$ cat target08.cif   # mmCIF, C-alpha atoms
data_coords
loop_
_atom_site.label_atom_id
_atom_site.label_comp_id
_atom_site.auth_asym_id
_atom_site.auth_seq_id
_atom_site.Cartn_x
_atom_site.Cartn_y
_atom_site.Cartn_z
CA MET A 1483 -71.39 -104.70 -12.67
CA ALA A 1484 -68.70 -107.26 -11.90
CA ALA A 1485 -70.01 -109.56 -14.63
CA GLU A 1486 -69.68 -106.92 -17.28
CA ARG A 1487 -66.12 -106.24 -16.28
CA LYS A 1488 -65.25 -109.96 -16.25
CA THR A 1489 -66.44 -110.50 -19.79
CA LYS A 1490 -63.73 -108.22 -20.98
CA LEU A 1491 -60.87 -109.79 -19.04
CA SER A 1492 -59.66 -113.21 -20.11
CA LYS A 1493 -60.03 -116.24 -17.90
CA ASN A 1494 -56.33 -116.80 -17.57
CA LEU A 1495 -55.90 -113.32 -16.26
CA LEU A 1496 -58.66 -113.83 -13.76
CA ARG A 1497 -57.00 -116.98 -12.55
CA MET A 1498 -53.89 -115.11 -11.59
CA LYS A 1499 -53.20 -114.63 -7.95
CA PHE A 1500 -53.44 -110.87 -7.78
CA MET A 1501 -56.89 -110.95 -9.32
CA GLN A 1502 -58.11 -113.55 -6.89
CA ARG A 1503 -57.26 -111.67 -3.77
CA GLY A 1504 -60.20 -109.34 -4.15
CA LEU A 1505 -62.75 -111.99 -4.86
CA ASP A 1506 -65.33 -113.39 -2.52
CA SER A 1507 -64.99 -116.93 -1.35
CA GLU A 1508 -68.00 -117.90 -3.39
CA THR A 1509 -66.67 -116.64 -6.62
CA LYS A 1510 -63.38 -118.31 -5.81
CA LYS A 1511 -65.14 -121.62 -5.38
CA GLN A 1512 -66.95 -121.18 -8.63
CA LEU A 1513 -63.73 -120.52 -10.43
CA GLU A 1514 -62.14 -123.58 -8.90
CA GLU A 1515 -65.02 -125.75 -9.95
CA GLU A 1516 -64.80 -124.45 -13.48
CA GLU A 1517 -61.13 -125.26 -13.51
CA LYS A 1518 -61.76 -128.76 -12.33
CA LYS A 1519 -64.36 -129.22 -15.02
CA ILE A 1520 -61.88 -128.20 -17.64
CA ILE A 1521 -59.34 -130.69 -16.35
CA SER A 1522 -61.78 -133.55 -16.13
CA GLU A 1523 -63.03 -133.02 -19.63
CA GLU A 1524 -59.52 -133.20 -20.98
CA HIS A 1525 -58.73 -136.26 -18.93
CA TRP A 1526 -58.73 -139.46 -20.91
CA TYR A 1527 -60.70 -142.34 -19.56
CA LEU A 1528 -61.65 -145.81 -20.69
CA ASP A 1529 -65.12 -146.04 -22.04
CA LEU A 1530 -65.75 -149.39 -20.42
CA PRO A 1531 -68.34 -150.51 -17.91
CA GLU A 1532 -67.08 -150.29 -14.39
CA LEU A 1533 -65.41 -153.53 -13.34
CA LYS A 1534 -66.18 -154.51 -9.82
CA GLU A 1535 -62.98 -155.32 -7.95
CA LYS A 1536 -63.42 -158.85 -6.76
CA GLU A 1537 -62.72 -159.21 -3.12
CA SER A 1538 -60.53 -162.20 -2.95
CA PHE A 1539 -60.62 -164.10 0.25
CA ILE A 1540 -58.04 -166.63 -0.80
CA ILE A 1541 -54.51 -165.86 0.28
CA GLU A 1542 -51.57 -167.52 -1.42
CA GLU A 1543 -48.67 -168.66 0.72
CA GLN A 1544 -45.74 -170.70 -0.42
CA SER A 1545 -44.46 -171.63 2.99
CA PHE A 1546 -44.99 -174.93 4.75
CA LEU A 1547 -44.75 -173.29 8.15
CA LEU A 1548 -48.40 -172.35 8.08
CA CYS A 1549 -49.53 -175.75 6.93
CA GLU A 1550 -47.81 -178.15 9.22
CA ASP A 1551 -46.59 -177.69 12.75
CA LEU A 1552 -42.97 -178.53 12.32
CA LEU A 1553 -40.51 -178.93 15.13
CA TYR A 1554 -37.44 -176.83 15.50
CA GLY A 1555 -34.70 -177.86 13.09
CA ARG A 1556 -31.80 -178.30 15.52
CA MET A 1557 -31.91 -181.34 17.74
CA SER A 1558 -29.62 -183.01 20.18
CA PHE A 1559 -30.17 -186.32 21.95
CA ARG A 1560 -28.75 -187.83 25.10
CA GLY A 1561 -26.91 -184.73 26.11
CA PHE A 1562 -24.60 -184.42 23.16
CA ASN A 1563 -25.03 -180.65 23.01
CA PRO A 1564 -26.72 -179.22 26.13
CA GLU A 1565 -27.30 -175.79 24.64
CA VAL A 1566 -29.18 -177.25 21.73
CA GLU A 1567 -31.27 -179.34 24.09
CA LYS A 1568 -32.24 -176.23 26.00
CA LEU A 1569 -33.10 -174.54 22.74
CA MET A 1570 -35.23 -177.50 21.72
CA LEU A 1571 -37.34 -177.18 24.85
CA GLN A 1572 -37.65 -173.47 24.40
CA MET A 1573 -38.58 -173.45 20.74
CA ASN A 1574 -40.91 -176.40 20.81
CA ALA A 1575 -42.70 -175.10 23.85
CA LYS A 1576 -43.10 -171.83 22.06
CA ASN A 1577 -44.80 -173.57 19.19
CA LYS A 1578 -47.17 -175.40 21.45
CA ALA A 1579 -48.07 -172.38 23.52
CA GLU A 1580 -48.82 -170.52 20.31
CA GLU A 1581 -46.41 -167.86 21.39
CA VAL A 1582 -48.86 -166.49 23.91
CA GLU A 1583 -47.09 -167.20 27.13
CA GLU A 1584 -43.78 -165.64 27.78
CA GLN A 1585 -41.19 -168.18 28.70
CA THR A 1586 -40.12 -168.13 32.31
CA VAL A 1587 -36.87 -166.30 32.12
CA GLU A 1588 -34.23 -167.85 34.28
CA LEU A 1589 -33.77 -165.39 37.06
CA ASP A 1590 -30.42 -164.57 38.53
CA VAL A 1591 -32.13 -163.23 41.62
CA SER A 1592 -35.23 -165.01 42.86
CA ASP A 1593 -38.47 -163.19 43.43
CA GLU A 1594 -38.32 -163.59 47.19
CA GLU A 1595 -34.89 -162.14 47.45
CA MET A 1596 -35.97 -159.27 45.26
CA ALA A 1597 -38.93 -158.55 47.52
CA ARG A 1598 -36.73 -158.60 50.59
CA ARG A 1599 -34.28 -156.17 49.04
CA TYR A 1600 -37.01 -153.77 48.03
CA GLU A 1601 -38.38 -153.82 51.51
CA THR A 1602 -35.14 -152.58 52.97
CA LEU A 1603 -34.39 -150.38 50.00
CA VAL A 1604 -37.50 -148.31 50.60
CA GLY A 1605 -36.23 -147.57 54.06
CA THR A 1606 -32.72 -146.57 53.09
CA ILE A 1607 -33.85 -144.27 50.32
CA GLY A 1608 -36.56 -142.84 52.51
CA LYS A 1609 -33.96 -142.02 55.11
CA LYS A 1610 -32.08 -139.95 52.60
CA PHE A 1611 -35.02 -137.64 51.99
CA ALA A 1612 -36.36 -137.54 55.51
CA LYS A 1613 -35.95 -134.37 57.52
CA LYS A 1614 -33.97 -134.43 60.72
CA ARG A 1615 -37.07 -134.78 62.80
CA ASP A 1616 -38.30 -137.70 60.76
CA ARG A 1617 -35.02 -139.52 60.84
CA ALA A 1618 -35.90 -140.87 64.23
CA ILE A 1619 -38.45 -143.08 62.50
CA TYR A 1620 -35.76 -144.79 60.55
CA GLU A 1621 -33.65 -145.83 63.51
CA GLU A 1622 -32.34 -149.27 62.97
CA ASP A 1623 -32.69 -152.19 65.26
CA GLU A 1624 -29.81 -154.32 66.45
CA ASN A 1625 -30.41 -156.64 63.52
CA GLY A 1626 -30.18 -153.84 61.04
CA ASP A 1627 -33.86 -154.03 60.20
CA ILE A 1628 -35.80 -150.86 60.12
CA LYS A 1629 -38.18 -150.43 63.01
CA PRO A 1630 -41.85 -150.12 62.19
CA ILE A 1631 -42.83 -146.54 61.52
CA LYS A 1632 -44.30 -144.87 64.56
CA ALA A 1633 -47.04 -142.32 64.43
CA LYS A 1634 -45.76 -138.98 63.21
CA LYS A 1635 -45.69 -136.20 65.77
CA MET A 1636 -48.26 -133.74 64.64
CA PHE A 1637 -49.58 -130.62 66.24
CA LEU A 1638 -52.23 -131.54 68.77
CA LYS A 1639 -54.84 -128.99 69.19
CA PRO A 1640 -55.32 -128.28 72.88
CA GLN A 1641 -58.69 -129.25 74.10
CA ASP A 1642 -60.64 -126.46 75.61
CA MET B 371 -74.60 -182.78 -5.40
CA ALA B 372 -70.95 -182.79 -6.21
CA GLU B 373 -71.63 -184.29 -9.62
CA ALA B 374 -74.19 -181.65 -10.44
CA VAL B 375 -71.70 -179.03 -9.50
CA GLY B 376 -69.08 -180.78 -11.56
CA VAL B 377 -71.28 -180.74 -14.60
CA ALA B 378 -72.09 -177.10 -14.20
CA ALA B 379 -68.46 -176.29 -13.74
CA ASP B 380 -67.54 -178.34 -16.77
CA SER B 381 -69.63 -176.23 -19.01
CA LEU B 382 -67.98 -173.13 -17.65
CA ALA B 383 -64.41 -174.22 -17.27
CA GLY B 384 -64.17 -177.07 -19.67
CA CYS B 385 -62.21 -179.12 -17.16
CA ARG B 386 -63.06 -181.31 -14.24
CA ALA B 387 -63.67 -179.29 -11.12
CA ARG B 388 -64.51 -180.92 -7.87
CA ALA B 389 -65.13 -179.84 -4.36
CA ALA B 390 -62.06 -179.55 -2.21
CA ARG B 391 -63.75 -181.38 0.62
CA THR B 392 -64.25 -184.51 -1.40
CA ALA B 393 -60.66 -184.50 -2.60
CA LEU B 394 -59.01 -184.36 0.81
CA ASP B 395 -56.17 -186.83 1.26
CA GLN B 396 -56.54 -187.96 -2.32
CA VAL B 397 -54.10 -187.63 -5.13
CA VAL B 398 -54.63 -184.50 -7.20
CA LEU B 399 -52.92 -183.66 -10.45
CA PRO B 400 -51.82 -180.32 -11.84
CA GLY B 401 -54.54 -178.57 -13.75
CA GLU B 402 -57.40 -179.64 -11.52
CA GLU B 403 -59.66 -176.99 -10.14
CA LEU B 404 -61.04 -177.27 -6.66
CA LEU B 405 -64.13 -175.60 -5.34
CA LEU B 406 -64.08 -174.31 -1.84
CA PRO B 407 -66.94 -175.48 0.29
CA GLU B 408 -69.40 -173.08 1.85
CA GLN B 409 -68.66 -172.81 5.47
CA ASP B 410 -71.90 -171.23 6.63
CA ASP B 411 -74.13 -174.04 7.67
CA GLY B 412 -77.25 -171.97 7.92
CA GLU B 413 -76.86 -170.54 4.49
CA GLY B 414 -79.30 -171.45 1.77
CA PRO B 415 -82.29 -173.72 1.88
CA GLY B 416 -81.83 -177.41 1.83
CA GLY B 417 -78.19 -177.03 2.86
CA ALA B 418 -76.82 -177.44 -0.63
CA GLY B 419 -73.26 -178.24 0.37
CA GLU B 420 -70.95 -177.36 -2.46
CA ARG B 421 -71.73 -174.58 -4.80
CA PRO B 422 -69.62 -172.47 -7.09
CA LEU B 423 -68.56 -169.43 -5.16
CA ARG B 424 -70.49 -166.23 -5.63
CA LEU B 425 -69.69 -162.76 -4.57
CA ASN B 426 -72.34 -161.95 -2.10
CA ALA B 427 -72.63 -161.34 1.59
CA ALA B 428 -72.63 -165.05 2.34
CA ALA B 429 -69.35 -165.60 0.59
CA ARG B 430 -67.73 -162.70 2.32
CA SER B 431 -68.78 -163.81 5.77
CA ARG B 432 -66.59 -166.88 5.33
CA GLY B 433 -63.10 -166.52 6.70
CA ARG B 434 -59.98 -166.13 4.63
CA VAL B 435 -58.78 -169.36 3.14
CA VAL B 436 -55.07 -169.81 2.73
CA CYS B 437 -53.87 -171.74 -0.25
CA GLY B 438 -50.50 -173.20 0.50
CA PRO B 439 -47.75 -174.80 -1.54
CA GLY B 440 -48.90 -176.63 -4.62
CA LEU B 441 -52.04 -174.54 -5.08
CA ARG B 442 -52.80 -171.28 -6.78
CA ARG B 443 -55.75 -168.98 -6.79
CA CYS B 444 -57.71 -169.11 -10.01
CA GLY B 445 -60.66 -166.78 -9.84
CA ASP B 446 -62.69 -168.13 -6.97
CA ARG B 447 -61.24 -171.59 -7.10
CA LEU B 448 -58.00 -173.28 -6.26
CA LEU B 449 -55.86 -174.53 -9.10
CA VAL B 450 -53.55 -177.44 -8.42
CA THR B 451 -49.99 -176.94 -9.66
CA LYS B 452 -48.19 -179.94 -8.17
CA CYS B 453 -49.17 -183.58 -7.99
CA GLY B 454 -49.61 -185.05 -4.57
CA ARG B 455 -52.16 -185.49 -1.84
CA LEU B 456 -54.46 -182.64 -0.92
CA ARG B 457 -54.34 -181.74 2.74
CA HIS B 458 -56.39 -179.43 4.86
CA LYS B 459 -55.89 -177.93 8.27
CA GLU B 460 -58.73 -176.50 10.24
CA PRO B 461 -58.30 -172.99 11.55
CA GLY B 462 -56.99 -173.14 15.07
CA SER B 463 -58.22 -169.91 16.51
CA GLY B 464 -61.12 -168.05 15.01
CA SER B 465 -60.02 -166.38 11.82
CA GLY B 466 -59.85 -168.72 9.19
CA GLY B 467 -61.16 -170.89 6.70
CA GLY B 468 -58.20 -173.10 7.20
CA VAL B 469 -55.28 -173.97 5.03
CA TYR B 470 -55.25 -176.18 1.96
CA TRP B 471 -52.04 -177.50 0.48
CA VAL B 472 -50.64 -180.30 -1.64
CA ASP B 473 -48.28 -182.75 0.01
CA SER B 474 -45.87 -183.34 -2.82
CA GLN B 475 -42.41 -184.76 -3.12
CA GLN B 476 -39.45 -183.08 -4.71
CA LYS B 477 -35.71 -182.82 -4.39
CA ARG B 478 -35.16 -179.35 -5.76
CA TYR B 479 -35.58 -176.59 -3.20
CA VAL B 480 -37.09 -173.21 -3.98
CA PRO B 481 -36.32 -170.54 -1.37
CA VAL B 482 -39.30 -169.52 0.69
CA LYS B 483 -39.43 -166.67 3.17
CA GLY B 484 -39.21 -167.81 6.75
CA ASP B 485 -37.68 -171.21 6.08
CA HIS B 486 -34.74 -172.35 8.16
CA VAL B 487 -32.06 -173.79 5.90
CA ILE B 488 -28.51 -175.04 6.01
CA GLY B 489 -26.23 -173.19 3.63
CA ILE B 490 -22.60 -173.49 2.63
CA VAL B 491 -20.57 -170.30 2.46
CA THR B 492 -19.08 -170.07 -1.01
CA ALA B 493 -17.69 -166.56 -1.14
CA LYS B 494 -16.95 -163.55 0.97
CA SER B 495 -17.34 -160.30 -0.88
CA GLY B 496 -17.14 -157.03 0.99
CA ASP B 497 -19.88 -156.93 3.56
CA ILE B 498 -21.81 -160.01 2.57
CA PHE B 499 -21.30 -163.72 2.33
CA LYS B 500 -22.60 -165.74 -0.57
CA VAL B 501 -24.28 -168.86 0.74
CA ASP B 502 -25.28 -171.80 -1.40
CA VAL B 503 -28.70 -173.04 -0.28
CA GLY B 504 -29.52 -175.36 -3.13
CA GLY B 505 -31.69 -172.89 -4.99
CA SER B 506 -31.16 -171.23 -8.33
CA GLU B 507 -29.07 -168.45 -6.84
CA PRO B 508 -26.74 -168.24 -3.90
CA ALA B 509 -28.33 -166.34 -1.05
CA SER B 510 -26.67 -163.30 0.41
CA LEU B 511 -25.95 -163.09 4.12
CA SER B 512 -24.82 -159.83 5.62
CA TYR B 513 -22.09 -160.01 8.22
CA LEU B 514 -24.21 -157.88 10.55
CA ALA B 515 -26.95 -160.47 10.60
CA PHE B 516 -25.36 -162.47 13.38
CA GLU B 517 -26.02 -162.12 17.05
CA GLY B 518 -23.69 -159.62 18.65
CA ALA B 519 -22.10 -158.58 15.38
CA THR B 520 -21.08 -154.99 14.88
CA LYS B 521 -18.96 -153.25 12.32
CA ARG B 522 -15.90 -153.73 14.48
CA ASN B 523 -16.84 -157.13 15.84
CA ARG B 524 -17.14 -159.30 12.75
CA PRO B 525 -18.40 -162.86 12.97
CA ASN B 526 -15.89 -165.62 12.49
CA VAL B 527 -17.17 -167.13 9.25
CA GLN B 528 -14.91 -168.71 6.65
CA VAL B 529 -15.56 -169.98 3.16
CA GLY B 530 -16.78 -173.55 3.41
CA ASP B 531 -18.54 -173.12 6.75
CA LEU B 532 -22.04 -174.41 7.32
CA ILE B 533 -24.63 -171.83 8.28
CA TYR B 534 -28.08 -172.41 9.75
CA GLY B 535 -30.25 -169.41 9.01
CA GLN B 536 -33.62 -168.26 7.76
CA PHE B 537 -34.74 -166.33 4.73
CA VAL B 538 -36.00 -162.78 5.02
CA VAL B 539 -36.38 -162.17 1.33
CA ALA B 540 -37.20 -165.00 -1.03
CA ASN B 541 -39.19 -164.49 -4.17
CA LYS B 542 -38.79 -165.20 -7.81
CA ASP B 543 -37.79 -161.66 -8.69
CA MET B 544 -34.96 -161.06 -6.28
CA GLU B 545 -31.86 -162.71 -4.98
CA PRO B 546 -32.69 -164.52 -1.73
CA GLU B 547 -31.37 -162.99 1.46
CA MET B 548 -30.88 -164.82 4.68
CA VAL B 549 -30.05 -163.89 8.24
CA CYS B 550 -28.91 -165.69 11.35
CA ILE B 551 -30.92 -163.74 13.87
CA ASP B 552 -34.63 -163.49 14.53
CA SER B 553 -36.72 -160.33 14.62
CA CYS B 554 -35.66 -159.63 18.22
CA GLY B 555 -31.99 -159.85 17.40
CA ARG B 556 -31.37 -163.18 19.14
CA ALA B 557 -29.68 -166.08 17.46
CA ASN B 558 -32.04 -168.86 18.60
CA GLY B 559 -29.66 -171.54 17.49
CA MET B 560 -28.90 -170.03 14.12
CA GLY B 561 -25.42 -169.19 12.94
CA VAL B 562 -22.37 -171.22 12.11
CA ILE B 563 -22.76 -174.94 12.70
CA GLY B 564 -19.84 -176.41 14.58
CA GLN B 565 -16.93 -178.55 13.56
CA ASP B 566 -17.00 -182.09 12.21
CA GLY B 567 -20.17 -183.93 11.42
CA LEU B 568 -21.55 -184.90 8.05
CA LEU B 569 -23.81 -183.01 5.65
CA PHE B 570 -25.98 -184.95 3.23
CA LYS B 571 -28.97 -184.33 1.06
CA VAL B 572 -32.42 -185.90 1.15
CA THR B 573 -35.78 -185.12 -0.40
CA LEU B 574 -37.84 -182.25 0.92
CA GLY B 575 -40.74 -184.48 1.84
CA LEU B 576 -38.56 -186.54 4.13
CA ILE B 577 -37.46 -183.47 6.05
CA ARG B 578 -41.05 -182.51 6.68
CA LYS B 579 -41.88 -186.03 7.70
CA LEU B 580 -39.00 -186.12 10.16
CA LEU B 581 -39.88 -182.75 11.59
CA ALA B 582 -43.50 -183.67 12.20
CA PRO B 583 -44.37 -183.46 15.88
CA ASP B 584 -45.13 -187.16 16.24
CA CYS B 585 -42.22 -188.60 14.32
CA GLU B 586 -41.28 -192.05 15.57
CA ILE B 587 -38.07 -192.27 13.60
CA LEU B 588 -36.43 -189.47 15.53
CA GLN B 589 -37.56 -190.82 18.85
CA GLU B 590 -36.02 -194.18 18.06
CA VAL B 591 -32.86 -192.63 16.68
CA GLY B 592 -32.49 -190.53 19.79
CA LYS B 593 -32.36 -193.63 21.94
CA LEU B 594 -29.40 -195.13 20.13
CA TYR B 595 -26.52 -192.95 21.21
CA PRO B 596 -25.75 -189.30 21.88
CA LEU B 597 -25.96 -187.31 18.70
CA GLU B 598 -26.82 -183.96 17.22
CA ILE B 599 -28.85 -183.29 14.08
CA VAL B 600 -29.67 -180.14 12.21
CA PHE B 601 -32.45 -180.19 9.61
CA GLY B 602 -32.56 -177.65 6.82
CA MET B 603 -35.77 -177.19 4.89
CA ASN B 604 -33.72 -177.23 1.71
CA GLY B 605 -33.25 -180.96 2.01
CA ARG B 606 -29.91 -180.88 3.83
CA ILE B 607 -29.27 -182.68 7.07
CA TRP B 608 -26.17 -182.35 9.20
CA VAL B 609 -25.43 -185.05 11.74
CA LYS B 610 -22.73 -185.48 14.31
CA ALA B 611 -22.00 -188.26 16.75
CA LYS B 612 -19.04 -189.22 18.88
CA THR B 613 -17.33 -191.48 16.35
CA ILE B 614 -17.23 -191.44 12.58
CA GLN B 615 -18.84 -194.85 12.38
CA GLN B 616 -21.83 -193.75 14.44
CA THR B 617 -22.20 -190.66 12.27
CA LEU B 618 -22.21 -192.75 9.12
CA ILE B 619 -24.72 -195.20 10.53
CA LEU B 620 -26.99 -192.31 11.40
CA ALA B 621 -26.68 -190.80 7.95
CA ASN B 622 -27.51 -194.12 6.32
CA ILE B 623 -30.55 -194.63 8.52
CA LEU B 624 -31.95 -191.21 7.77
CA GLU B 625 -31.44 -191.59 4.05
CA ALA B 626 -32.95 -195.05 3.95
CA CYS B 627 -35.90 -194.49 6.24
CA GLU B 628 -37.79 -192.72 3.51
CA HIS B 629 -38.39 -195.96 1.68
CA MET B 630 -38.70 -198.35 4.57
CA THR B 631 -41.85 -199.56 6.18
CA ALA B 632 -42.27 -199.28 9.91
CA ASP B 633 -41.47 -202.97 10.42
CA GLN B 634 -38.24 -202.89 8.49
CA ARG B 635 -37.22 -199.82 10.44
CA LYS B 636 -37.88 -201.53 13.75
CA GLN B 637 -35.84 -204.52 12.67
CA ILE B 638 -32.90 -202.34 11.79
CA PHE B 639 -33.11 -200.42 15.04
CA SER B 640 -33.26 -203.56 17.11
CA ARG B 641 -30.21 -204.93 15.29
CA LEU B 642 -28.35 -201.72 15.93
CA ALA B 643 -29.34 -201.66 19.55
CA GLU B 644 -27.86 -205.11 19.99
CA SER B 645 -24.56 -204.38 18.39
#
$ encode --input "target08.cif" --output "C-alpha cells"
Amino acid sequence: MAAERKTKLSKNLLRMKFMQRGLDSETKKQLEEEEKKIISEEHWYLDLPELKEKESFIIEEQSFLLCEDLLYGRMSFRGFNPEVEKLMLQMNAKNKAEEVEEQTVELDVSDEEMARRYETLVGTIGKKFAKKRDRAIYEEDENGDIKPIKAKKMFLKPQD
Amino acid sequence: MAEAVGVAADSLAGCRARAARTALDQVVLPGEELLLPEQDDGEGPGGAGERPLRLNAAARSRGRVVCGPGLRRCGDRLLVTKCGRLRHKEPGSGSGGGVYWVDSQQKRYVPVKGDHVIGIVTAKSGDIFKVDVGGSEPASLSYLAFEGATKRNRPNVQVGDLIYGQFVVANKDMEPEMVCIDSCGRANGMGVIGQDGLLFKVTLGLIRKLLAPDCEILQEVGKLYPLEIVFGMNGRIWVKAKTIQQTLILANILEACEHMTADQRKQIFSRLAES
C-alpha cells in the first residue's frame, strides 16, 4: 500500500521534511542510506591502491638544546654581578636536576616561625567562633599562650 | 655485516649508506645516508646487528629517534646535510632512541626556536622592536614580552641596546619572533644587557664548546679577574670587566682560544696571571 503510493511521488518530494514526519524510523534510515549511496557514487576518488601511511619514528629537530647539555648563557665570575651569579646557580642546577625538583624558594618567614604562628592563630580564630560558655577554654595564660583545652562540660547522665 | 648491508643499500639507493653506529665521531659528508641500528637485542636470530629498517612490530617497538641539526629524515634513514662529525647521545630517561646530530662549524646563524641569543635593537615601530640577531631577517620583539611590562608600563629599551632573549617562533616561513620572558612570565636573566662592555662575534661551534658543562677555558678565565660574560647562540659574545684593558684582553682570549691547543692556552693564562 505505501509502496504503491511512493512510486508515484518523486524522491525529492519524499525527502522533504513534511513527508518525513510521518515515516517510521526504519524507512527513514533506509532513505538516509540511499542518499548516502548517491553521494558516494558521485564522489570522485583516486583509483590507486591504498598507500599505507608510514609511521615515522624519526623526529626532526633543529635545535642544539636537545643534543648537548649547554650551560646557561649569562655568566659572572668573582662577584662582578651578584644577581647573575645567583641566576647561574639556579639555572644550572635546574638543568642538572632535570627540572624535577622545585628549587628551594628563599623564604621570608622560616618554617618554624610559620608553625608557631599557626599554632596561636588557631586559638585566636577559634575564640571568635566559640560560644560564651566555650570561651572559658580559651583563657590566656600570663605569657599570652593559650591554655590547653580542658574537657568540655557535657551533660552527665545521673547514675541510678 | 655492515658491508653486506652497504651493498644491499647500494643497489637500492645508488649511494653509499652505512650504519650510524659505525660512523659515530667520524667525519660525514652531505649526501650520505645513515642506517639506524636495531635497538632490540633479542630480535632476530643470530643477532644480525644492522639491517635496513622495515615496518613491522619490531621496528615500532624501538623508541623515537631524534635527528638533530645537520641531519634530515629520508624515508627510514638519516640523510646528512652538513659536513662534520656525527654525534650520538643516549636517551637519558626511558623514551628514546637517543639523539643523532652532526657537529659542524659555521659562522652564519639560522634562528632556531628556543635558542637564547643576543640581539641589537635596530628599530622601534609601534608596539614592537626590530632586533638584529644575525639571521636573514630582523626578529620582532613585542614590548609586552618583558617582565613586568604592561601597556602603561613600557620597558626602557632604546635603539642600539643589546637584548638577551629567546625565540618563540623561528622557521623558514615566518619572521622570527623573540621574547625576554619564559613561559612562566619571569625574566630569568633575559632582557636588556647593561651598560658598557664589548660585543664581538665568533663562530657558532666555539659558543657551544664554551658552553659545554666541562669547559676548562671558562674556568681558567674566571680565575683571572672579576668579569661578566653573556653568550648568545647566534655567535655573539658580550664581555665586561672593570677596565677597558681587561675587557679587551678577555675578548682576545675568547676569540683566539678556538684555534689554540690546550698547552698554548695554559701558557697564555700563566703569562696573564703573572702580569
$ closest_residue --input "target08.cif" --among "B:Leu569, B:Ile599, B:Leu580, B:Leu532" --to "chain A" --atoms "all atoms listed in the file"
B:Ile599
$ resolve_selection --input "target08.cif" --expression "the PyMOL selection byres ((chain B and resi 613) around 12)" --output "VMD selection string"
chain B and resid 566 to 568 595 to 597 609 to 612 614 to 620
$ closest_atom_pairs --input "target08.cif" --of "chain B" --to "chain A" --cutoff "8 Å" --atoms "all atoms listed in the file" --output "tab-separated table"
residue	atom	partner	partner_atom	distance
B:Leu425	CA	A:Lys1536	CA	7.7
B:Arg430	CA	A:Phe1539	CA	7.5
B:Gly433	CA	A:Phe1539	CA	7.3
B:Arg434	CA	A:Phe1539	CA	4.9
B:Val435	CA	A:Ile1540	CA	4.9
B:Val436	CA	A:Ile1541	CA	4.7
B:Cys437	CA	A:Glu1542	CA	4.9
B:Gly438	CA	A:Glu1543	CA	4.9
B:Pro439	CA	A:Gln1544	CA	4.7
B:Gly440	CA	A:Gln1544	CA	7.9
B:Leu441	CA	A:Glu1542	CA	7.9
B:Arg442	CA	A:Glu1542	CA	6.7
B:Arg443	CA	A:Ile1540	CA	6.8
B:Asp446	CA	A:Ser1538	CA	7.5
B:Lys459	CA	A:Cys1549	CA	6.9
B:Val469	CA	A:Cys1549	CA	6.3
B:Tyr470	CA	A:Cys1549	CA	7.6
B:Trp471	CA	A:Cys1549	CA	7.1
B:Val482	CA	A:Ser1545	CA	6.0
B:Lys483	CA	A:Ser1545	CA	7.1
B:Gly484	CA	A:Ser1545	CA	7.5
B:Asp485	CA	A:Ser1545	CA	7.5
B:His486	CA	A:Gly1555	CA	7.4
B:Asn558	CA	A:Leu1569	CA	7.1
B:Gly559	CA	A:Leu1569	CA	7.0
B:Arg578	CA	A:Leu1552	CA	7.2
B:Leu581	CA	A:Leu1553	CA	5.2
B:Ala582	CA	A:Leu1552	CA	5.2
B:Pro583	CA	A:Leu1553	CA	6.0
B:Gly592	CA	A:Phe1559	CA	5.3
B:Lys593	CA	A:Arg1560	CA	7.5
B:Tyr595	CA	A:Arg1560	CA	6.8
B:Pro596	CA	A:Arg1560	CA	4.6
B:Leu597	CA	A:Phe1559	CA	5.4
B:Glu598	CA	A:Ser1558	CA	4.2
B:Ile599	CA	A:Met1557	CA	5.2
B:Val600	CA	A:Arg1556	CA	4.3
B:Phe601	CA	A:Gly1555	CA	4.8
B:Gly602	CA	A:Gly1555	CA	6.6
B:Ala611	CA	A:Phe1562	CA	7.9
$ resolve_selection --input "target08.cif" --expression "the PyMOL selection byres ((chain B and resi 531) around 8)" --output "mmCIF file with C-alpha atoms, keeping the file's coordinate frame"
data_model
loop_
_atom_site.group_PDB
_atom_site.id
_atom_site.type_symbol
_atom_site.label_atom_id
_atom_site.label_comp_id
_atom_site.auth_asym_id
_atom_site.auth_seq_id
_atom_site.Cartn_x
_atom_site.Cartn_y
_atom_site.Cartn_z
ATOM 1 C CA ILE B 490 -22.600 -173.490 2.630
ATOM 2 C CA VAL B 491 -20.570 -170.300 2.460
ATOM 3 C CA VAL B 527 -17.170 -167.130 9.250
ATOM 4 C CA GLN B 528 -14.910 -168.710 6.650
ATOM 5 C CA VAL B 529 -15.560 -169.980 3.160
ATOM 6 C CA GLY B 530 -16.780 -173.550 3.410
ATOM 7 C CA LEU B 532 -22.040 -174.410 7.320
ATOM 8 C CA ILE B 533 -24.630 -171.830 8.280
ATOM 9 C CA VAL B 562 -22.370 -171.220 12.110
ATOM 10 C CA ILE B 563 -22.760 -174.940 12.700
#
$ residues_near_point --input "target08.cif" --point "(-38.6, -183.1, -2.4)" --cutoff "12 Å" --atoms "all atoms listed in the file" --output "number ranges by chain"
B: 452-454, 473-480, 504, 571-579, 603-606, 628
$ resolve_selection --input "target08.cif" --expression "the PyMOL selection byres ((chain B and resi 511-526) around 7)" --output "list of chain:residue names"
B:Asp497, B:Ile498, B:Phe499, B:Lys500, B:Val501, B:Ala509, B:Ser510, B:Val527, B:Gln528, B:Glu547, B:Met548, B:Val549, B:Cys550, B:Ile551, B:Gly555, B:Arg556, B:Ala557, B:Gly561
